[in-house]
Amino acid sequence: MKKAPVIMWFRRDLRLSDNRALTAAIATGRPVIALYVLDDVSPGAHAMGGAQRWWLEGSIRALATDLRRFNIELILRKGRADHVLGSLIEETGAHTVFHSRDYAPWARTLESKVSQIAEKFEAGCRWFTGQLLFNPNEIKTAMGQPYKVYTPFSRSCFASPTPPAPLHNPSQIQPFSQLIASDELDSWKLRPECPDWAGGLETTWQPGEAMARNKLDIFLSQRLEAYAHARDYPGIVGTSQLSPHLHFGEISPAQCWHAVRHATENQSNGDLAADKFLMELLWREFCAHLLHHWPDLPNNPFKPAFNNFPWRENPQAFERWCQGRTGYPIVDAGMRELWHTGWMHNRVRMIAASFLVKDLLIDWRKGAAWFQDTLVDADLASNVAGWQWVAGCGADAAPFFRIFNPQLQGEKFDPEGTYVRHWVPELANLPNTLIHRPWAAPVDTLRSAKIILGETYPLPLVDHQSARRRALDALKATREPQ
DNA sequence: TTTTGAGTTGTTCGA
DNA sequence: GTCGAACAACTCAAA
């Protein structure tokens, strides 16, 4: 008698290497059915934005190709994941569902539904870790509480047992012989058509496990050494650019962790270079743990005092921010990079976010929603925790008086104007001394640079100095007892 | 329980 | 132009 198959339910772990769920599924010695479910129906699942759908398409295509080498067809189904899994178990008589745990609140709800439905059909359900380095229920303070401050959190992680070493690629996977119906990937229409805004994404990124590994190797050999310093300059490629690959699980954080450690173990200053990068991985971790313990993080301020903050409605200003037409070159460069490539340099994310929240006093949730829709790496946890941090209402938030000055930040982190010239070409002819403050350029300079302020490039949407005072007043009022 | 030290990413002001 | 101090008080984490 034939053995009943098991289902490997791929989610945000679109890789074959270091995939504990997959490895365990294979280890059962049973035929493996590989499944991906496009779930736009489960509450909260609609959070996947347009840019991510574009990425998902490439990532699924790559995974399907990789699986085909094992004679495995990736089954594609659309609908509520628990329903889809229920019917697939029924169709195939599957024995167990294997999957990696996703810590987003809606995903956890879905996981328990899947587990219930599997039970109904007398199948098991087993989940594995892999999306995170540490178990959120194990990184706790001495009092047994989750951390609310990053630095002690990171110390605790470094003091914890090292994340398990990554698993290798499977050597073989036993296919399931029965034919199973699958959607055509094209029918999901994950890529934009009219209008097709994804041209910039196409030329910037290549989704898939192989490319993720490639990115990591390039980072280790070419950029890790200078990372601590170079990561702050948007005009040079100093970061790993692994975020979207990590988000979709094309590479695991444990693979990054161990690869970085391994690459630096024989270098004199290795630990320094490595730790800086590991700290960034731990920021991702910190945000995920926060969301795990505070599922309401996407909706409401972490600090309740901000519940009554007087956010302003200003659709015109918001639109200009989205379009990269605020009149502050570094902000506009960032917003245009985002729109074109689905990604924005970390430093510029802070500057652009600070501008929306502090200079325009627009609700951080509006900014977070825009990022969620346009970033290829949009991660619910990192996104909302980051926005709350900038807004001052989050965990371990910046002091309220810390308001980024877009001109100074530009001059400090883009001193040659490389970044601004690339993304805001209409300012390209301004000298370095004026590129971050075109409004202060003399008439002659503007004329010879072919700039007409208010026409070819906007005047500043707000005056930063007065906007700063306005924000300080609003923040001060929030802090005072009602 | 109380106390103490510390807290990703900054800006402005005045000497 | 450069430098250090002030910004304001609070919460967190650990001793």
# chains A, B, ... in the order shown; residues from 1 in each chain; ligands from 1

$ select_by_dssp --residues "range 147-295 of chain A" --states "helix (DSSP H, G or I)" --output "VMD selection string"
chain A and resid 150 to 159 185 to 188 199 to 204 209 to 223 227 to 230 243 to 247 253 to 264 270 to 293

$ closest_atom_pairs --of "chain C" --to "chain A" --cutoff "10 Å" --atoms "only C-alpha atoms (C1' of nucleotides)" --output "CSV"
residue,atom,partner,partner_atom,distance
C:DC7,C1',A:Phe401,CA,7.0
C:DA8,C1',A:Pro399,CA,9.2
C:DA9,C1',A:Arg479,CA,9.9
C:DT11,C1',A:Asp396,CA,9.0
C:DC12,C1',A:Val149,CA,6.9
C:DA13,C1',A:Thr141,CA,7.3
C:DA14,C1',A:Ala142,CA,7.7

$ interface_residues --of "chain A" --to "chain B" --cutoff "10 Å" --atoms "only C-alpha atoms (C1' of nucleotides)" --output "list in words"
Val149, Tyr150, Thr151, Pro152, Asp232, Met279, Glu280, Trp283, Asn346, Arg347, Met350, Asp396, Ala397, Ala398, Pro399, Phe401, Arg402, Ile403, Phe404, Asn405, Leu408 and Gln409 of chain A

$ residues_around --residues "range 217-227 of chain A" --least-positions-apart "2" --cutoff "12 Å" --atoms "only C-alpha atoms (C1' of nucleotides)" --output "number ranges by chain"
A: 210-215, 229-233, 236-242, 251, 255-264, 267-280

$ select_by_dssp --residues "range 52-259 of chain A" --states "strand (DSSP E or B)" --output "MDAnalysis selection string"
chainID A and resid 74:78 96:100 124:128 175

$ write_last_selection --atoms "C-alpha atoms" --output "PDB file, in the first residue's frame"
ATOM      1  CA  LEU A  74       4.687  23.457  -6.839  1.00  0.00           C
ATOM      2  CA  ILE A  75       0.913  23.452  -6.411  1.00  0.00           C
ATOM      3  CA  LEU A  76      -0.648  26.915  -6.518  1.00  0.00           C
ATOM      4  CA  ARG A  77      -4.027  27.580  -5.008  1.00  0.00           C
ATOM      5  CA  LYS A  78      -5.897  30.751  -4.187  1.00  0.00           C
ATOM      6  CA  THR A  96       0.561  15.841   7.928  1.00  0.00           C
ATOM      7  CA  VAL A  97       0.916  19.526   7.061  1.00  0.00           C
ATOM      8  CA  PHE A  98       4.378  21.019   7.557  1.00  0.00           C
ATOM      9  CA  HIS A  99       4.983  24.758   7.657  1.00  0.00           C
ATOM     10  CA  SER A 100       7.194  27.487   9.065  1.00  0.00           C
ATOM     11  CA  GLY A 124      -1.426  16.316  11.772  1.00  0.00           C
ATOM     12  CA  CYS A 125       0.014  19.792  11.576  1.00  0.00           C
ATOM     13  CA  ARG A 126       3.610  20.577  12.485  1.00  0.00           C
ATOM     14  CA  TRP A 127       5.216  23.975  12.485  1.00  0.00           C
ATOM     15  CA  PHE A 128       8.891  24.942  12.595  1.00  0.00           C
ATOM     16  CA  PRO A 175       7.361  13.154  -5.377  1.00  0.00           C
TER      17      PRO A 175
END

$ closest_residue --among "A:Ser187, A:Gln172, A:Thr204, A:Ser59" --to "Phe10 in chain A" --atoms "only C-alpha atoms"
A:Ser59
